[in-house]
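What's in coords_33.txt: compact mmCIF, C-alpha atoms
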```
# COMPACT_ATOMS: atom_id res chain seq x y z
CA MET A 29 12.15 1.53 24.12
CA PRO A 30 11.87 -2.26 24.50
CA SER A 31 9.00 -3.71 26.46
CA PRO A 32 9.28 -5.08 30.02
CA ASN A 33 9.22 -8.76 30.73
CA HIS A 34 6.28 -10.55 29.21
CA PRO A 35 3.66 -11.34 31.89
CA PRO A 36 3.47 -15.01 32.86
CA THR A 37 1.20 -17.17 30.74
CA ALA A 38 -0.70 -20.33 31.62
CA LEU A 39 1.74 -22.51 29.70
CA SER A 40 5.50 -22.22 29.45
CA THR A 41 7.28 -22.45 26.11
CA SER A 42 8.48 -25.98 26.88
CA ALA A 43 4.94 -27.04 27.88
CA LYS A 44 3.57 -25.67 24.62
CA SER A 45 6.20 -27.58 22.67
CA ARG A 46 5.35 -30.81 24.51
CA LYS A 47 1.63 -30.41 23.82
CA ALA A 48 2.25 -29.70 20.13
CA LYS A 49 4.47 -32.76 19.75
CA THR A 50 2.04 -35.00 21.67
CA VAL A 51 -1.01 -34.13 19.57
CA THR A 52 1.04 -34.44 16.37
CA ALA A 53 2.26 -37.88 17.44
CA TYR A 54 -1.35 -38.99 17.96
CA GLY A 55 -2.23 -37.71 14.51
CA PHE A 56 0.76 -39.49 12.97
CA VAL A 57 -0.25 -42.89 14.39
CA LEU A 58 -3.88 -42.49 13.31
CA ASN A 59 -2.85 -41.36 9.82
CA VAL A 60 -0.71 -44.49 9.48
CA VAL A 61 -3.80 -46.57 10.25
CA LEU A 62 -5.98 -44.56 7.85
CA ALA A 63 -3.46 -44.68 5.01
CA ILE A 64 -3.05 -48.47 5.24
CA VAL A 65 -6.77 -49.13 5.54
CA LYS A 66 -7.84 -46.77 2.73
CA ILE A 67 -5.14 -47.79 0.24
CA THR A 68 -5.84 -51.46 0.88
CA ALA A 69 -9.60 -50.97 0.61
CA GLY A 70 -9.16 -48.87 -2.53
CA LEU A 71 -7.12 -51.59 -4.24
CA VAL A 72 -9.50 -54.39 -3.18
CA SER A 73 -12.73 -52.52 -3.93
CA GLY A 74 -11.51 -50.89 -7.13
CA SER A 75 -12.46 -47.38 -5.90
CA TYR A 76 -10.04 -44.88 -7.40
CA ALA A 77 -11.36 -42.10 -5.16
CA LEU A 78 -10.73 -44.14 -2.01
CA LEU A 79 -7.26 -45.08 -3.24
CA ILE A 80 -6.42 -41.41 -3.83
CA ASP A 81 -7.85 -40.53 -0.43
CA GLY A 82 -5.51 -43.14 1.02
CA PHE A 83 -2.51 -41.49 -0.62
CA HIS A 84 -3.81 -38.20 0.77
CA SER A 85 -3.59 -39.73 4.27
CA LEU A 86 -0.14 -41.05 3.41
CA SER A 87 0.94 -37.50 2.57
CA ASP A 88 -0.26 -36.48 6.02
CA LEU A 89 2.50 -38.61 7.54
CA ALA A 90 5.15 -36.43 5.93
CA THR A 91 3.45 -33.26 7.12
CA ASP A 92 3.04 -34.68 10.63
CA ILE A 93 6.78 -35.31 10.78
CA MET A 94 7.45 -31.78 9.58
CA VAL A 95 4.99 -30.30 12.11
CA TYR A 96 6.56 -32.38 14.90
CA VAL A 97 10.07 -31.13 14.14
CA LEU A 98 9.12 -27.51 13.49
CA SER A 99 6.91 -27.30 16.59
CA HIS A 100 10.01 -28.09 18.63
CA ILE A 101 12.13 -25.47 16.82
CA ALA A 102 9.44 -22.76 16.74
CA HIS A 103 8.95 -22.87 20.52
CA GLU A 104 12.63 -22.55 21.40
CA GLU A 105 13.57 -19.45 23.39
CA ALA A 106 15.11 -16.43 21.68
CA ASP A 107 18.88 -16.52 21.37
CA ALA A 108 21.73 -14.36 20.03
CA GLU A 109 21.14 -15.58 16.47
CA HIS A 110 17.36 -15.25 16.68
CA PRO A 111 16.65 -12.34 19.07
CA TYR A 112 12.97 -12.27 18.04
CA GLY A 113 12.51 -15.98 18.73
CA HIS A 114 12.05 -18.88 16.30
CA GLY A 115 8.42 -18.25 15.35
CA ARG A 116 9.25 -17.72 11.67
CA PHE A 117 10.17 -21.41 11.44
CA GLU A 118 6.47 -22.04 12.05
CA ASN A 119 5.55 -19.75 9.16
CA PHE A 120 8.14 -21.41 6.95
CA GLY A 121 6.88 -24.87 7.90
CA THR A 122 3.27 -23.96 7.19
CA LEU A 123 4.30 -22.46 3.85
CA MET A 124 6.06 -25.74 2.98
CA LEU A 125 3.02 -27.71 4.12
CA GLY A 126 0.76 -25.64 1.87
CA SER A 127 3.13 -26.02 -1.08
CA PHE A 128 3.26 -29.77 -0.54
CA LEU A 129 -0.53 -29.99 -0.57
CA ILE A 130 -0.68 -28.01 -3.82
CA ALA A 131 1.79 -30.45 -5.41
CA VAL A 132 -0.19 -33.46 -4.19
CA ALA A 133 -3.42 -31.94 -5.48
CA GLY A 134 -1.87 -31.25 -8.88
CA GLY A 135 -0.72 -34.85 -9.28
CA ILE A 136 -4.06 -36.32 -8.21
CA GLY A 137 -6.06 -33.94 -10.37
CA TYR A 138 -3.94 -34.62 -13.46
CA SER A 139 -4.27 -38.39 -13.03
CA GLY A 140 -8.02 -38.10 -12.49
CA VAL A 141 -8.54 -36.00 -15.61
CA GLU A 142 -6.58 -38.56 -17.63
CA ARG A 143 -8.87 -41.32 -16.36
CA LEU A 144 -11.97 -39.34 -17.24
CA ILE A 145 -10.72 -38.66 -20.76
CA ALA A 146 -9.67 -42.29 -21.28
CA GLY A 147 -12.96 -43.55 -19.85
CA THR A 148 -11.24 -46.10 -17.61
CA HIS A 149 -14.14 -46.66 -15.23
CA GLN A 150 -15.11 -49.94 -13.61
CA PRO A 151 -17.62 -51.30 -11.12
CA ILE A 152 -16.42 -51.32 -7.51
CA LEU A 153 -17.12 -53.27 -4.33
CA GLY A 154 -19.07 -50.38 -2.89
CA THR A 155 -20.12 -51.71 0.51
CA ALA A 156 -16.57 -52.27 1.80
CA ALA A 157 -15.31 -49.00 0.32
CA LEU A 158 -18.26 -47.13 1.83
CA ALA A 159 -17.55 -48.51 5.31
CA VAL A 160 -13.88 -47.51 5.13
CA ALA A 161 -14.73 -44.02 3.87
CA ALA A 162 -17.24 -43.53 6.71
CA PHE A 163 -14.63 -44.70 9.22
CA SER A 164 -12.18 -42.19 7.73
CA ILE A 165 -14.67 -39.33 8.13
CA LEU A 166 -15.20 -40.05 11.84
CA LEU A 167 -11.52 -40.56 12.66
CA ASN A 168 -10.33 -37.49 10.72
CA GLU A 169 -13.00 -35.34 12.37
CA TRP A 170 -11.75 -36.47 15.79
CA ILE A 171 -8.14 -35.68 14.82
CA TYR A 172 -9.26 -32.26 13.54
CA ARG A 173 -11.08 -31.31 16.74
CA PHE A 174 -8.33 -32.57 19.02
CA THR A 175 -5.55 -30.82 17.07
CA LEU A 176 -7.51 -27.56 16.67
CA LYS A 177 -8.29 -27.42 20.40
CA THR A 178 -4.63 -27.87 21.28
CA GLY A 179 -3.50 -25.41 18.58
CA LYS A 180 -5.75 -22.69 19.98
CA GLU A 181 -4.70 -23.51 23.53
CA ILE A 182 -1.01 -22.95 22.78
CA ASN A 183 -1.65 -20.34 20.05
CA SER A 184 0.18 -22.31 17.33
CA GLU A 185 -0.70 -21.45 13.74
CA LEU A 186 1.26 -24.45 12.50
CA LEU A 187 -0.83 -26.81 14.65
CA ILE A 188 -4.06 -25.06 13.64
CA ALA A 189 -3.04 -25.40 9.98
CA ASN A 190 -2.41 -29.11 10.50
CA ALA A 191 -5.84 -29.41 12.13
CA TRP A 192 -7.50 -27.91 9.05
CA HIS A 193 -5.48 -30.33 6.96
CA SER A 194 -7.19 -33.13 8.89
CA ARG A 195 -10.55 -31.45 8.33
CA SER A 196 -9.79 -31.44 4.58
CA ASP A 197 -9.19 -35.19 4.86
CA SER A 198 -12.59 -35.56 6.50
CA LEU A 199 -14.30 -33.51 3.80
CA SER A 200 -12.49 -35.38 1.04
CA SER A 201 -13.78 -38.64 2.51
CA VAL A 202 -17.30 -37.20 2.31
CA VAL A 203 -16.72 -36.61 -1.40
CA VAL A 204 -15.42 -40.18 -1.71
CA VAL A 205 -18.63 -41.47 -0.10
CA ILE A 206 -20.69 -39.55 -2.67
CA GLY A 207 -18.56 -40.95 -5.49
CA ILE A 208 -18.91 -44.52 -4.20
CA ILE A 209 -22.67 -44.21 -3.83
CA GLY A 210 -22.90 -42.82 -7.36
CA THR A 211 -20.81 -45.67 -8.74
CA MET A 212 -22.93 -48.23 -6.90
CA ALA A 213 -25.94 -46.64 -8.63
CA GLY A 214 -24.31 -47.24 -12.03
CA VAL A 215 -22.71 -43.85 -12.62
CA PHE A 216 -19.19 -45.29 -12.85
CA TRP A 217 -17.39 -42.06 -13.78
CA LEU A 218 -18.53 -40.43 -10.54
CA ASP A 219 -15.81 -42.21 -8.54
CA THR A 220 -13.09 -40.62 -10.70
CA ALA A 221 -14.87 -37.26 -10.58
CA ALA A 222 -14.88 -37.52 -6.79
CA ALA A 223 -11.11 -38.08 -6.84
CA ILE A 224 -10.63 -34.90 -8.91
CA LEU A 225 -12.85 -32.94 -6.54
CA VAL A 226 -10.80 -34.22 -3.59
CA ALA A 227 -7.69 -32.95 -5.40
CA GLY A 228 -9.31 -29.52 -5.79
CA MET A 229 -10.13 -29.36 -2.08
CA ILE A 230 -6.57 -30.32 -1.16
CA GLY A 231 -5.17 -27.70 -3.54
CA HIS A 232 -7.43 -24.97 -2.16
CA MET A 233 -6.39 -25.75 1.41
CA GLY A 234 -2.73 -25.80 0.39
CA PHE A 235 -2.98 -22.44 -1.36
CA SER A 236 -4.71 -20.84 1.64
CA LEU A 237 -1.99 -22.04 4.02
CA ALA A 238 0.88 -21.11 1.71
CA TRP A 239 -0.46 -17.63 0.88
CA SER A 240 -1.28 -16.57 4.45
CA ASN A 241 2.14 -17.61 5.75
CA ALA A 242 4.03 -16.18 2.78
CA LYS A 243 2.48 -12.81 3.70
CA GLN A 244 3.74 -13.16 7.26
CA LEU A 245 7.25 -13.96 6.08
CA VAL A 246 7.36 -10.57 4.31
CA ASP A 247 6.11 -8.73 7.43
CA THR A 248 2.52 -8.11 6.36
CA ALA A 249 0.64 -6.13 9.02
CA LEU A 250 -2.24 -7.50 11.06
CA PRO A 251 -5.75 -7.01 9.63
CA VAL A 252 -7.05 -3.43 9.92
CA GLU A 253 -9.72 -4.38 12.47
CA GLU A 254 -7.08 -5.88 14.79
CA VAL A 255 -4.84 -2.83 14.46
CA ASP A 256 -7.84 -0.60 15.27
CA LYS A 257 -8.47 -2.58 18.47
CA ILE A 258 -4.83 -2.15 19.49
CA SER A 259 -5.04 1.61 18.80
CA ALA A 260 -8.21 1.95 20.85
CA ALA A 261 -6.60 0.15 23.78
CA ILE A 262 -3.53 2.41 23.66
CA LEU A 263 -5.56 5.63 23.62
CA GLN A 264 -7.23 4.60 26.90
CA ILE A 265 -3.95 5.22 28.72
CA GLU A 266 -3.78 8.56 30.53
CA GLY A 267 -1.29 11.05 29.14
CA ILE A 268 -1.33 9.92 25.51
CA ARG A 269 -2.29 12.62 23.02
CA SER A 270 -2.07 10.57 19.82
CA ILE A 271 -0.45 7.58 18.16
CA HIS A 272 1.94 7.75 15.22
CA SER A 273 3.39 5.02 13.06
CA LEU A 274 1.69 1.99 14.64
CA ARG A 275 3.28 -1.01 12.93
CA THR A 276 2.57 -4.70 13.48
CA ARG A 277 4.05 -7.93 12.18
CA LYS A 278 3.86 -11.62 12.99
CA SER A 279 6.48 -14.26 13.66
CA GLY A 280 4.72 -17.60 13.82
CA SER A 281 1.95 -17.16 16.35
CA MET A 282 3.67 -14.16 17.99
CA VAL A 283 2.80 -10.54 17.22
CA PHE A 284 5.32 -7.69 17.48
CA VAL A 285 4.18 -4.06 17.79
CA ASP A 286 6.22 -0.90 17.09
CA LEU A 287 4.67 2.51 17.72
CA HIS A 288 5.27 6.21 18.35
CA ILE A 289 3.14 7.79 21.07
CA GLU A 290 2.81 11.53 21.60
CA VAL A 291 2.76 12.87 25.16
CA ASP A 292 2.70 16.38 26.62
CA SER A 293 5.69 18.38 25.42
CA ARG A 294 6.52 19.33 29.04
CA ALA A 295 6.54 15.71 30.26
CA SER A 296 9.85 14.53 31.68
CA VAL A 297 11.79 11.65 30.17
CA SER A 298 10.83 9.39 33.08
CA GLU A 299 7.14 10.31 32.82
CA GLY A 300 7.09 9.60 29.09
CA HIS A 301 8.82 6.27 29.65
CA GLN A 302 6.36 5.36 32.39
CA ILE A 303 3.43 6.08 30.05
CA GLY A 304 5.08 3.81 27.47
CA GLN A 305 5.43 1.06 30.10
CA TRP A 306 1.72 1.32 30.87
CA VAL A 307 0.97 0.96 27.15
CA THR A 308 3.17 -2.13 26.95
CA LEU A 309 1.61 -3.79 29.98
CA LYS A 310 -1.93 -3.11 28.75
CA LEU A 311 -1.26 -4.59 25.31
CA LEU A 312 0.46 -7.69 26.68
CA ARG A 313 -2.43 -8.31 29.07
CA GLU A 314 -5.30 -7.69 26.64
CA PHE A 315 -3.81 -9.27 23.51
CA PRO A 316 -2.29 -12.70 24.34
CA SER A 317 -0.73 -13.04 20.87
CA ILE A 318 1.40 -9.90 21.36
CA GLU A 319 4.88 -10.97 22.38
CA ASP A 320 6.75 -7.66 22.42
CA VAL A 321 6.04 -3.92 22.21
CA THR A 322 8.63 -1.34 21.17
CA PHE A 323 7.59 2.26 21.80
CA HIS A 324 9.06 5.65 20.97
CA ILE A 325 7.98 8.70 22.93
CA ASP A 326 7.28 11.91 20.98
CA SER A 327 6.95 15.23 22.78
CA GLY A 328 5.13 16.81 19.86
CA GLU A 329 4.16 16.14 16.29
CA ASP A 330 6.02 13.08 14.96
CA PHE A 331 9.09 13.81 12.88
CA HIS A 332 10.44 11.38 10.31
CA ILE A 333 13.86 11.80 8.73
CA GLU A 334 13.59 11.17 5.00
CA ARG A 335 16.07 11.57 2.20
CA PRO A 336 17.71 13.76 1.02
CA LEU A 337 19.44 13.89 4.41
CA GLU A 338 21.25 17.16 3.61
CA GLU A 339 17.89 18.92 3.81
CA VAL A 340 17.18 17.71 7.35
CA SER A 341 17.39 20.46 10.00
CA LEU A 342 17.77 19.51 13.69
CA GLN A 343 18.29 21.51 16.86
CA PRO A 344 21.81 21.34 18.41
CA LEU A 345 22.37 18.86 21.23
CA ARG A 346 23.31 19.79 24.80
CA ASN A 347 27.12 20.08 24.54
CA LYS A 348 27.02 22.39 21.54
CA LEU A 349 24.12 24.42 22.90
CA GLN A 350 25.72 24.76 26.33
CA GLN A 351 28.90 26.01 24.70
CA GLN A 352 26.90 28.59 22.72
CA LEU A 353 25.20 29.82 25.91
CA THR A 354 28.51 29.89 27.79
CA ASP A 355 30.06 31.99 25.06
CA ALA A 356 27.04 34.32 24.93
CA TRP A 357 27.03 34.82 28.74
CA SER A 358 30.80 34.88 29.30
CA SER A 359 30.79 38.58 30.24
CA ILE A 360 27.80 38.31 32.62
CA GLU A 361 28.97 37.61 36.18
CA ALA A 362 25.59 36.35 37.42
CA ALA A 363 25.58 33.65 34.70
CA GLN A 364 28.33 31.85 36.64
CA GLN A 365 25.76 31.12 39.36
CA ILE A 366 23.44 29.07 37.11
CA HIS A 367 22.74 25.70 38.76
CA GLU A 368 21.28 23.85 35.81
CA ILE A 369 19.80 24.25 32.32
CA ARG A 370 17.01 21.89 31.28
CA LEU A 371 16.24 21.58 27.59
CA ASN A 372 12.88 20.92 25.92
CA TYR A 373 12.85 20.31 22.17
CA LEU A 374 9.38 21.33 20.99
CA THR A 375 7.89 21.49 17.51
CA THR A 376 7.67 25.26 17.99
CA GLY A 377 11.38 25.56 18.79
CA LEU A 378 13.89 25.14 21.59
CA PHE A 379 12.82 25.84 25.16
CA ALA A 380 15.36 26.12 28.02
CA GLU A 381 14.68 26.22 31.78
CA VAL A 382 17.40 28.16 33.57
CA HIS A 383 17.81 27.43 37.30
CA LEU A 384 19.39 30.23 39.39
CA PRO A 385 19.95 30.58 43.15
CA LEU A 386 17.52 32.64 45.23
CA SER A 387 20.21 35.28 45.74
CA ALA A 388 20.30 35.93 41.98
CA GLN A 389 16.85 37.51 42.20
CA SER A 390 18.46 40.57 43.72
CA VAL A 391 20.80 41.02 40.76
CA GLU A 392 19.46 43.93 38.77
CA ASN A 393 18.14 43.10 35.31
CA ILE A 394 19.70 39.62 35.36
CA GLU A 395 17.03 38.15 33.08
CA GLU A 396 17.27 41.04 30.64
CA GLN A 397 21.06 40.66 30.48
CA LEU A 398 20.86 36.93 29.72
CA ILE A 399 18.16 37.46 27.08
CA GLN A 400 19.97 40.36 25.44
CA ALA A 401 23.20 38.33 25.18
CA ILE A 402 21.33 35.48 23.45
CA ASP A 403 19.62 37.91 21.13
CA GLU A 404 22.96 39.39 20.11
CA GLN A 405 24.22 35.89 19.20
CA HIS A 406 21.01 35.23 17.21
CA LEU A 407 20.23 32.07 19.21
CA ASN A 408 16.58 31.13 18.75
CA ILE A 409 15.86 29.89 22.28
CA ARG A 410 12.97 30.55 24.60
CA LEU A 411 13.93 30.93 28.26
CA HIS A 412 12.10 30.14 31.47
CA PHE A 413 13.77 31.21 34.75
CA TRP A 414 13.53 29.35 38.08
CA TYR A 415 15.02 30.45 41.40
CA GLY A 416 15.84 28.10 44.28
CA ASP A 417 18.61 26.51 46.34
CA PRO A 418 20.45 23.54 44.74
CA VAL A 419 19.29 21.11 47.42
CA GLU A 420 15.69 22.24 47.08
CA GLN A 421 15.43 23.00 43.39
CA GLU A 422 12.17 21.10 43.13
CA LYS A 423 10.60 23.40 45.75
CA THR A 424 10.06 26.41 43.55
CA VAL A 425 10.11 29.72 45.36
CA ALA A 426 9.65 31.98 42.39
CA ALA A 427 9.40 31.67 38.63
CA HIS A 428 9.41 34.06 35.70
CA ASP A 429 8.76 33.23 32.10
CA THR A 430 10.41 35.29 29.37
CA VAL A 431 10.30 34.58 25.64
CA ILE A 432 12.77 35.93 23.10
CA PRO A 433 10.90 37.52 20.19
```
Would you mind giving the structure from this file in structure tokens?
Amino acid sequence: MPSPNHPPTALSTSAKSRKAKTVTAYGFVLNVVLAIVKITAGLVSGSYALLIDGFHSLSDLATDIMVYVLSHIAHEEADAEHPYGHGRFENFGTLMLGSFLIAVAGGIGYSGVERLIAGTHQPILGTAALAVAAFSILLNEWIYRFTLKTGKEINSELLIANAWHSRSDSLSSVVVVIGIIGTMAGVFWLDTAAAILVAGMIGHMGFSLAWSNAKQLVDTALPVEEVDKISAAILQIEGIRSIHSLRTRKSGSMVFVDLHIEVDSRASVSEGHQIGQWVTLKLLREFPSIEDVTFHIDSGEDFHIERPLEEVSLQPLRNKLQQQLTDAWSSIEAAQQIHEIRLNYLTTGLFAEVHLPLSAQSVENIEEQLIQAIDEQHLNIRLHFWYGDPVEQEKTVAAHDTVIP
């Protein structure tokens, strides 16, 4: 059954979207400044590593635009076309971001290796380049912290990924500083080596982002330790005997849970559903990333239908079963007084509760007659007899339990 309404959160979907777009806009403006300053300083100082780091910042502008657009789409409400929401756009965007970083890293690395092989190294104006690189480290670190804080606040993997992209910029600038210092000390090839190392860092970050989100796009389950925590929380609910087929998947920052829970075989439909509602509420409260819980109630050991379908054996449903009982009891006058028949489908077989009026207790051998008629028709049904007036059926006056061999 589908879950109830999601409990209210601190931030609405529209508020989350606004925060994501605001922090991305800040990052965009600052990356414009960094790209201009680093590319200019790289050209003037002659530092290849700083120039490449500038183009790295320039690539951030494209990713900031993508994050800005996708943050808006990913936080739109579910609709008829996307009943599970638009979270997968976030996964897709992060996958594209990672792929873009890999491409950038490949180009930078190839160019750097060519320079090393050709030996095209030159002295650089180290002091100016060093100052710009240090400025880049501080500014990128601020962007990283600000973006990461907001990403965690609104639970956006796309924003968190963009934050780590900024952290990679900060770390690449550290490498540039090392390369510049080495070149100032006379080791001229170190600047180019620093550029190649920056490319490797960018590529590693890109691969991590692309791989993790590609897994989500193909419905990879949550890590085992997270699934274990969810299982432990579910088993704390009263009335649950076991859990079957607990499945999880992610859509952007949202987690969806599907599970089968086993309850007492005598539990009513409403009781089983109520237990499932308690499970849903507990998971939504204790795991903020869970967006929806779909549960199936089992009254016994879980049963999965697998091919070949012609080998599947199921018990008959009510209409057919009631017709079989009517036919079997057609010659028994007291059977016409039956108020109700309640069915319980158990793993051990079919169990039927037969409700008769109090007056039927005086009918001689009524239970034996009903059982004998079923036995003659070879119907494998266990019977439980209840006696009471229709208006007070829930106030049991007498009960007898008889089982067909």
By how many Å are atom CA of A:Phe235 and atom CA of A:Ser127 apart? 7.1 Å
Would you please work out which residue, of A:Val61, A:Ala401, A:Leu225, A:Leu245, is nearest to A:Glu118 when using only C-alpha atoms?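 Between A:Val61, A:Ala401, A:Leu225, A:Leu245, the residue approaching A:Glu118 most closely is A:Leu245.
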When you draw a straight line from atom CA of A:Ser240 to atom CA of A:Thr50, how long is it in Å?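 Atom CA of A:Thr50 lies 25.4 Å from atom CA of A:Ser240.
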Residue nearest A:Ala77 among A:Ala53, A:Ile145, A:Ile224, A:Met124 (counting all atoms listed in the file): A:Ile224
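If you look at atom CA of A:Ala388 and atom CA of A:Ser359, they are 16.0 Å away from each other.
Taking all atoms listed in the file into account, A:Asn408 lies nearest to A:Leu349 out of the set A:Leu349, A:Leu250, A:Ile265, A:Ile369.
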Contact residues around A:Ser139 with all atoms listed in the file at 10 Å, ignoring same-chain residues under 6 positions, as an NGL selection string: :A and (80 or 133 or 220 or 223-224 or 227)
Taking all atoms listed in the file into account, name the residue in A:Ser236, A:Asn119, A:Asn372, A:Asn347 that is nearest to A:Lys278.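 Using all atoms listed in the file, the shortest distance to A:Lys278 belongs to A:Asn119.
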Given all atoms listed in the file as the basis, pick out the residue of A:Lys49, A:Arg346, A:His412, A:Arg143 nearest to A:Phe216. A:Arg143
Tell me which protein, DNA and RNA residues are within 9 Å of A:Phe56, counting all atoms listed in the file, leaving out same-chain ones fewer than 5 positions away, and put them as a list in words.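 Close residues of A:Phe56: Val51, Val61, Asp88, Leu89, Ala90, Thr91, Asp92 and Ile93 of chain A.
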Show which residues sit within 12 Å of A:Phe174, as a list in words. Count all atoms listed in the file, and ignore same-chain residues fewer than 6 positions away.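 Skipping anything fewer than 6 positions along the chain leaves Lys47, Ala48, Thr50, Val51, Thr52, Ala53, Tyr54, Gly55, Leu167, Asn168, Lys180, Glu181, Leu187, Ile188, Asn190, Ala191, Trp192, Ser194 and Arg195 of chain A.
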Closest of A:Leu378, A:Ala43, A:Val204, A:Leu263 to A:Ile289 - atom-to-atom distances counting all atoms listed in the file: A:Leu263
Which polymer residues have any atom within 7 Å of an atom of A:Glu290, counting all atoms listed in the file, with same-chain residues fewer than 5 positions away left out, as a short mmCIF file (atom, residue, chain, number, x, y, z; two decimals) with C-alpha atoms, in the frame of the given file?
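Final file, selection-v6.cif:
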```
data_model
loop_
_atom_site.label_atom_id
_atom_site.label_comp_id
_atom_site.auth_asym_id
_atom_site.auth_seq_id
_atom_site.Cartn_x
_atom_site.Cartn_y
_atom_site.Cartn_z
CA ILE A 268 -1.33 9.92 25.51
CA ARG A 269 -2.29 12.62 23.02
CA SER A 270 -2.07 10.57 19.82
CA ILE A 271 -0.45 7.58 18.16
CA ILE A 325 7.98 8.70 22.93
CA ASP A 326 7.28 11.91 20.98
CA SER A 327 6.95 15.23 22.78
CA GLY A 328 5.13 16.81 19.86
#
```
Quick one: residues within 12 Å of stretch 299-309 of chain A, all atoms listed in the file, excluding same-chain residues fewer than 4 positions away - as a PyMOL selection string? chain A and resi 29-36+258-269+271+284-295+313-316+318-328
